[in-house]
file input_0.csv (CSV, C-alpha atoms)
chain,number,residue,atom,x,y,z
A,300,MET,CA,-1.5,-9.1,11.2
A,301,LYS,CA,-0.3,-11.8,9.0
A,302,SER,CA,2.0,-11.1,6.0
A,303,ILE,CA,2.1,-12.0,2.4
A,304,THR,CA,5.0,-14.4,3.3
A,305,ASP,CA,2.6,-16.1,5.7
A,306,LEU,CA,0.1,-16.5,2.9
A,307,GLU,CA,2.7,-17.9,0.7
A,308,ILE,CA,3.7,-20.5,3.3
A,309,ALA,CA,0.1,-21.4,3.9
A,310,VAL,CA,-0.5,-21.9,0.2
A,311,LEU,CA,2.6,-24.0,-0.2
A,312,ASN,CA,1.4,-26.2,2.7
A,313,GLN,CA,-2.1,-26.3,1.2
A,314,ASP,CA,-3.3,-25.2,4.6
A,315,TYR,CA,-6.9,-24.2,3.8
A,316,SER,CA,-7.8,-23.1,7.3
A,317,GLU,CA,-4.7,-20.8,7.6
A,318,VAL,CA,-5.3,-19.4,4.1
A,319,GLN,CA,-8.9,-18.5,5.1
A,320,SER,CA,-7.7,-17.0,8.4
A,321,ILE,CA,-5.2,-14.8,6.6
A,322,LEU,CA,-7.7,-13.6,4.0
A,323,ALA,CA,-10.2,-12.8,6.7
A,324,ASP,CA,-7.6,-10.7,8.4
A,325,LEU,CA,-7.1,-8.4,5.4
A,326,ASP,CA,-7.6,-4.7,6.0
A,327,LYS,CA,-10.7,-3.8,4.0
A,328,HIS,CA,-9.9,-0.1,4.3
A,329,THR,CA,-6.6,-0.4,2.4
A,330,GLU,CA,-7.6,-3.4,0.2
A,331,LEU,CA,-9.2,-1.2,-2.5
A,332,MET,CA,-6.2,1.1,-2.7
A,333,ALA,CA,-3.8,-1.8,-3.1
A,334,PHE,CA,-6.1,-3.4,-5.8
A,335,ARG,CA,-6.2,-0.1,-7.7
A,336,LYS,CA,-2.4,0.1,-7.7
A,337,ALA,CA,-2.1,-3.4,-8.9
A,338,ALA,CA,-4.6,-2.8,-11.7
A,339,ALA,CA,-2.7,0.3,-12.8
A,340,HIS,CA,0.6,-1.5,-12.7
A,341,PHE,CA,-0.5,-4.6,-14.6
A,342,GLY,CA,-3.0,-2.9,-16.8
A,343,PHE,CA,-6.3,-4.8,-16.0
A,344,SER,CA,-9.7,-3.3,-15.5
A,345,LEU,CA,-11.1,-2.8,-12.0
A,346,PHE,CA,-14.8,-2.3,-11.2
A,347,GLU,CA,-15.6,-0.8,-7.8
A,348,HIS,CA,-18.7,-1.4,-5.8
A,349,HIS,CA,-19.4,-0.7,-2.1
A,350,GLY,CA,-15.8,0.0,-1.3
A,351,ARG,CA,-14.4,-3.1,-2.9
A,352,GLY,CA,-12.7,-3.8,-6.2
A,353,TYR,CA,-13.6,-6.6,-8.6
A,354,ALA,CA,-11.6,-7.7,-11.7
A,355,MET,CA,-12.8,-9.8,-14.6
A,356,ARG,CA,-11.5,-13.3,-14.1
A,357,ARG,CA,-10.7,-13.8,-17.8
A,358,GLU,CA,-8.6,-10.6,-17.8
A,359,LEU,CA,-6.7,-11.7,-14.7
A,360,GLY,CA,-6.1,-15.0,-16.3
A,361,LEU,CA,-4.0,-13.3,-19.0
A,362,ILE,CA,-2.1,-11.4,-16.3
A,363,TYR,CA,-1.1,-14.7,-14.8
A,364,GLY,CA,-0.1,-16.2,-18.1
A,365,TYR,CA,-3.0,-18.6,-18.6
A,366,MET,CA,-4.4,-19.3,-22.0
A,367,ASP,CA,-7.9,-18.9,-20.6
A,368,GLU,CA,-9.6,-18.3,-17.2
A,369,SER,CA,-10.0,-22.0,-16.4
A,370,GLY,CA,-6.8,-21.9,-14.2
A,371,LEU,CA,-8.2,-19.1,-12.1
A,372,ARG,CA,-11.6,-20.8,-12.0
A,373,LYS,CA,-10.1,-24.0,-10.5
A,374,LEU,CA,-8.1,-21.9,-8.0
A,375,CYS,CA,-11.3,-20.1,-6.9
A,376,GLU,CA,-13.0,-23.4,-6.4
A,377,ARG,CA,-10.1,-25.0,-4.6
A,378,TRP,CA,-9.7,-22.1,-2.1
A,379,GLY,CA,-13.3,-21.0,-1.9
A,380,THR,CA,-12.7,-17.4,-2.9
A,381,GLU,CA,-15.6,-15.1,-3.9
A,382,THR,CA,-16.8,-15.1,-7.5
A,383,LEU,CA,-19.6,-12.9,-8.9
A,384,SER,CA,-21.5,-12.8,-12.1
A,385,LEU,CA,-22.8,-9.6,-13.7
A,386,GLY,CA,-26.3,-10.6,-12.7
A,387,THR,CA,-25.3,-10.6,-9.0
A,388,PHE,CA,-25.3,-6.8,-9.0
A,389,GLY,CA,-28.3,-4.6,-8.9
A,390,HIS,CA,-29.7,-2.9,-12.1
A,391,ASP,CA,-27.9,0.4,-11.6
A,392,VAL,CA,-24.6,-1.3,-10.8
A,393,ARG,CA,-24.9,-3.6,-13.8
A,394,ASP,CA,-25.4,-0.6,-16.1
A,395,LEU,CA,-22.3,1.0,-14.6
A,396,ALA,CA,-20.2,-2.1,-15.1
A,397,ILE,CA,-21.5,-2.5,-18.7
A,398,GLN,CA,-20.6,1.1,-19.4
A,399,GLN,CA,-17.1,1.0,-17.8
A,400,LEU,CA,-16.0,-2.4,-19.0
A,401,GLY,CA,-17.7,-2.5,-22.4
A,402,LEU,CA,-19.8,-5.6,-21.6
A,403,SER,CA,-22.9,-6.8,-23.4
A,404,ARG,CA,-26.1,-6.1,-21.6
A,405,ASN,CA,-26.9,-9.8,-21.9
A,406,ASP,CA,-23.5,-10.9,-20.7
A,407,GLY,CA,-23.8,-14.2,-18.8
A,408,LYS,CA,-20.2,-15.4,-18.9
A,409,THR,CA,-18.2,-12.7,-17.3
A,410,ILE,CA,-17.1,-13.6,-13.7
A,411,PHE,CA,-15.7,-11.1,-11.3
A,412,VAL,CA,-13.1,-11.9,-8.6
A,413,GLY,CA,-11.7,-9.9,-5.8
A,414,TRP,CA,-8.4,-9.0,-4.1
A,415,ASP,CA,-8.3,-12.4,-2.3
A,416,THR,CA,-8.1,-14.2,-5.7
A,417,PHE,CA,-5.5,-11.8,-6.9
A,418,LEU,CA,-3.3,-12.6,-3.9
A,419,LEU,CA,-3.8,-16.3,-3.9
A,420,ALA,CA,-3.0,-16.6,-7.6
A,421,GLY,CA,0.1,-14.6,-7.1
A,422,MET,CA,1.3,-17.0,-4.4
A,423,GLU,CA,0.3,-20.3,-6.1
A,424,SER,CA,0.6,-19.9,-9.8
A,425,GLN,CA,3.9,-21.0,-11.4
A,426,THR,CA,3.9,-19.3,-14.8
A,427,ASP,CA,6.6,-16.7,-15.5
A,428,ALA,CA,3.9,-14.0,-15.6
A,429,ALA,CA,2.6,-15.1,-12.2
A,430,LYS,CA,6.1,-14.9,-10.7
A,431,LYS,CA,6.2,-11.2,-11.7
A,432,VAL,CA,2.9,-10.7,-9.8
A,433,LYS,CA,4.4,-12.5,-6.8
A,434,ALA,CA,7.5,-10.3,-6.9
A,435,TYR,CA,5.3,-7.2,-7.1
A,436,LEU,CA,3.2,-8.3,-4.1
A,437,LEU,CA,6.3,-9.0,-2.0
A,438,HIS,CA,7.8,-5.7,-3.0
A,439,MET,CA,4.6,-3.9,-2.1
A,440,GLU,CA,4.5,-5.6,1.2
A,441,ARG,CA,8.0,-4.4,2.1
A,442,ALA,CA,6.9,-0.9,1.2
A,443,GLY,CA,4.1,-1.2,3.7
A,444,ARG,CA,1.2,-1.0,1.1
A,445,ILE,CA,-0.3,-4.5,1.2
A,446,ALA,CA,-3.5,-4.9,3.3
A,447,GLY,CA,-3.0,-7.2,6.2
A,448,GLY,CA,0.6,-7.5,5.3
A,449,ALA,CA,3.6,-5.6,6.6
A,450,LEU,CA,3.9,-2.1,7.9
A,451,SER,CA,0.8,-0.6,9.5
A,452,VAL,CA,0.3,3.2,9.4
A,453,VAL,CA,1.1,3.3,13.2
A,454,GLN,CA,4.3,1.4,12.7
A,455,SER,CA,5.3,3.6,9.8
A,456,ARG,CA,4.7,6.8,11.8
A,457,HIS,CA,6.6,5.4,14.7
A,458,ILE,CA,9.6,4.9,12.5
A,459,ARG,CA,9.3,8.4,11.1
A,460,LEU,CA,9.2,9.8,14.7
A,461,GLU,CA,12.3,7.9,15.6
A,462,GLU,CA,14.0,9.4,12.5
A,463,ALA,CA,12.9,12.8,13.5
A,464,GLU,CA,14.3,12.3,17.0
A,465,LYS,CA,17.7,11.4,15.5
A,466,VAL,CA,17.6,14.6,13.3
A,467,SER,CA,16.7,16.7,16.4
A,468,LYS,CA,19.6,15.2,18.4
A,469,ILE,CA,22.0,15.9,15.6
A,470,ALA,CA,20.8,19.4,15.4
A,471,SER,CA,21.0,20.0,19.1
A,472,ARG,CA,24.7,19.0,19.1
A,473,ILE,CA,25.5,21.9,16.8
A,474,ASP,CA,26.7,24.8,18.9
A,475,ARG,CA,26.4,27.4,16.2
A,476,MET,CA,23.8,26.6,13.6
A,477,LYS,CA,24.3,29.7,11.5
A,478,ASN,CA,23.1,28.1,8.3
A,479,THR,CA,19.4,29.2,8.2
A,480,GLN,CA,18.7,27.0,5.2
A,481,PHE,CA,19.8,23.9,7.1
A,482,ARG,CA,17.6,24.9,10.1
A,483,SER,CA,14.7,25.4,7.9
A,484,ARG,CA,15.1,22.0,6.3
A,485,VAL,CA,15.3,20.3,9.7
A,486,ALA,CA,12.2,22.2,10.8
A,487,ARG,CA,10.2,21.2,7.7
A,488,TYR,CA,11.2,17.6,8.0
A,489,ILE,CA,10.0,17.3,11.6
A,490,ASP,CA,6.9,19.3,10.9
A,491,ASP,CA,6.0,16.7,8.2
A,492,VAL,CA,6.6,13.9,10.6
A,493,LEU,CA,4.4,15.5,13.2
A,494,ASP,CA,1.7,16.1,10.6
A,495,GLY,CA,1.8,19.8,11.2
A,496,ALA,CA,1.2,19.6,15.0
A,497,LEU,CA,3.9,22.2,15.4
A,498,ASP,CA,4.2,24.7,12.5
A,499,VAL,CA,7.5,25.2,10.8
A,500,GLN,CA,7.9,28.7,12.2
A,501,GLY,CA,7.3,27.4,15.7
A,502,GLN,CA,10.1,24.9,15.2
A,503,LEU,CA,12.4,27.5,13.9
A,504,ASN,CA,11.8,29.4,17.1
A,505,LEU,CA,12.7,26.2,19.0
A,506,PHE,CA,15.9,25.8,17.0
A,507,SER,CA,16.8,29.4,17.6
A,508,SER,CA,17.4,28.5,21.2
A,509,LEU,CA,20.3,26.4,20.0
A,510,LEU,CA,22.0,29.5,18.5
A,511,PRO,CA,24.1,32.1,20.3
A,512,ASP,CA,22.1,35.3,20.4
A,513,ALA,CA,23.0,38.2,18.2
A,514,ALA,CA,24.9,40.1,20.9
A,515,GLU,CA,27.0,37.1,21.8
A,516,GLU,CA,27.8,36.6,18.1
A,517,LYS,CA,28.9,40.2,17.6
A,518,GLN,CA,31.0,40.1,20.8
A,519,GLU,CA,32.7,37.0,19.7
A,520,ASP,CA,33.3,38.4,16.2
A,521,HIS,CA,35.0,41.5,17.6
A,522,SER,CA,37.1,39.5,20.0
A,523,SER,CA,38.3,37.3,17.2
call {"tool": "encode", "arguments": {"input": "input_0.csv", "output": "structure tokens"}}
result
Amino acid sequence: MKSITDLEIAVLNQDYSEVQSILADLDKHTELMAFRKAAAHFGFSLFEHHGRGYAMRRELGLIYGYMDESGLRKLCERWGTETLSLGTFGHDVRDLAIQQLGLSRNDGKTIFVGWDTFLLAGMESQTDAAKKVKAYLLHMERAGRIAGGALSVVQSRHIRLEEAEKVSKIASRIDRMKNTQFRSRVARYIDDVLDGALDVQGQLNLFSSLLPDAAEEKQEDHSS
């Protein structure tokens, strides 16, 4: 998958084909979650329909530091991103949007844009406000939360498994793991990585094999 950095480079190069290719590669399953997080972070309204999120273009314009929505309108036209009017939606959906967003029933001016516009504006706009959006997007990508961006769920879990393996190796080198609290913490950590595939008690039983048995411990205690 392409990254946010790839999108930034494509925008800087004004490479329309590459931009469209990257946008088409976005993971639709995680797009809505990422858009929700961005809306909560920057404080704009998000309307959801059929598993996708839509923001009001005029409201996003303010987030990017524009005086009005004309800047985003030109960006949408230049890159061919999706724009929808209230009338595009069916009757029930329109009623829901009117209720949630406080729009007039006869609203004919409000335009909705999606996650692709939010991403592009973050990469292209040069206002101080837009730079904050860009920094946010790059940070989110590094955290593995941007659709089509950085760390996939599989990659993330692979890293966690590697970490768990390191913990197990450290634990296995301890000849006498008498600290039961430590054993429990190790077991719970690996259980979390394995998503409960082996319950914590089961792991404690495994770790118990690393310990001298009670008889040996008593014998050693007496001899000492």
call {"tool": "residues_around", "arguments": {"input": "input_0.csv", "residues": "stretch 327-340 of chain A", "least_positions_apart": "6", "cutoff": "10 Å", "atoms": "all atoms listed in the file", "output": "PDB file with C-alpha atoms, in the coordinates of the input"}}
result
ATOM      1  CA  PHE A 346     -14.800  -2.300 -11.200  1.00  0.00           C
ATOM      2  CA  GLU A 347     -15.600  -0.800  -7.800  1.00  0.00           C
ATOM      3  CA  GLY A 350     -15.800   0.000  -1.300  1.00  0.00           C
ATOM      4  CA  ARG A 351     -14.400  -3.100  -2.900  1.00  0.00           C
ATOM      5  CA  GLY A 352     -12.700  -3.800  -6.200  1.00  0.00           C
ATOM      6  CA  TYR A 353     -13.600  -6.600  -8.600  1.00  0.00           C
ATOM      7  CA  ALA A 354     -11.600  -7.700 -11.700  1.00  0.00           C
ATOM      8  CA  LEU A 359      -6.700 -11.700 -14.700  1.00  0.00           C
ATOM      9  CA  GLY A 413     -11.700  -9.900  -5.800  1.00  0.00           C
ATOM     10  CA  TRP A 414      -8.400  -9.000  -4.100  1.00  0.00           C
ATOM     11  CA  ASP A 415      -8.300 -12.400  -2.300  1.00  0.00           C
ATOM     12  CA  PHE A 417      -5.500 -11.800  -6.900  1.00  0.00           C
ATOM     13  CA  LEU A 418      -3.300 -12.600  -3.900  1.00  0.00           C
ATOM     14  CA  VAL A 432       2.900 -10.700  -9.800  1.00  0.00           C
ATOM     15  CA  TYR A 435       5.300  -7.200  -7.100  1.00  0.00           C
ATOM     16  CA  LEU A 436       3.200  -8.300  -4.100  1.00  0.00           C
ATOM     17  CA  MET A 439       4.600  -3.900  -2.100  1.00  0.00           C
ATOM     18  CA  ARG A 444       1.200  -1.000   1.100  1.00  0.00           C
ATOM     19  CA  ILE A 445      -0.300  -4.500   1.200  1.00  0.00           C
ATOM     20  CA  ALA A 446      -3.500  -4.900   3.300  1.00  0.00           C
ATOM     21  CA  GLY A 447      -3.000  -7.200   6.200  1.00  0.00           C
TER      22      GLY A 447
END
call {"tool": "residues_around", "arguments": {"input": "input_0.csv", "residues": "A:Lys431", "least_positions_apart": "6", "cutoff": "10 Å", "atoms": "all atoms listed in the file", "output": "PyMOL selection string"}}
result
chain A and resi 341+362-363+421+437
call {"tool": "residues_around", "arguments": {"input": "input_0.csv", "residues": "stretch 372-376 of chain A", "least_positions_apart": "5", "cutoff": "12 Å", "atoms": "all atoms listed in the file", "output": "number ranges by chain"}}
result
A: 310, 313, 315, 355-357, 359-360, 365, 367, 381-383, 409-424
call {"tool": "atom_distance", "arguments": {"input": "input_0.csv", "atom1": "atom CA of A:Glu307", "atom2": "atom CA of A:Ser344"}}
result
25.1 Å
call {"tool": "atom_distance", "arguments": {"input": "input_0.csv", "atom1": "atom CA of A:Gly389", "atom2": "atom CA of A:Glu358"}}
result
22.4 Å
call {"tool": "residues_around", "arguments": {"input": "input_0.csv", "residues": "A:Ala309", "least_positions_apart": "2", "cutoff": "12 Å", "atoms": "all atoms listed in the file", "output": "number ranges by chain"}}
result
A: 301-307, 311-322, 378, 419, 422-423
call {"tool": "atom_distance", "arguments": {"input": "input_0.csv", "atom1": "atom CA of A:Gly379", "atom2": "atom CA of A:Ala429"}}
result
19.8 Å
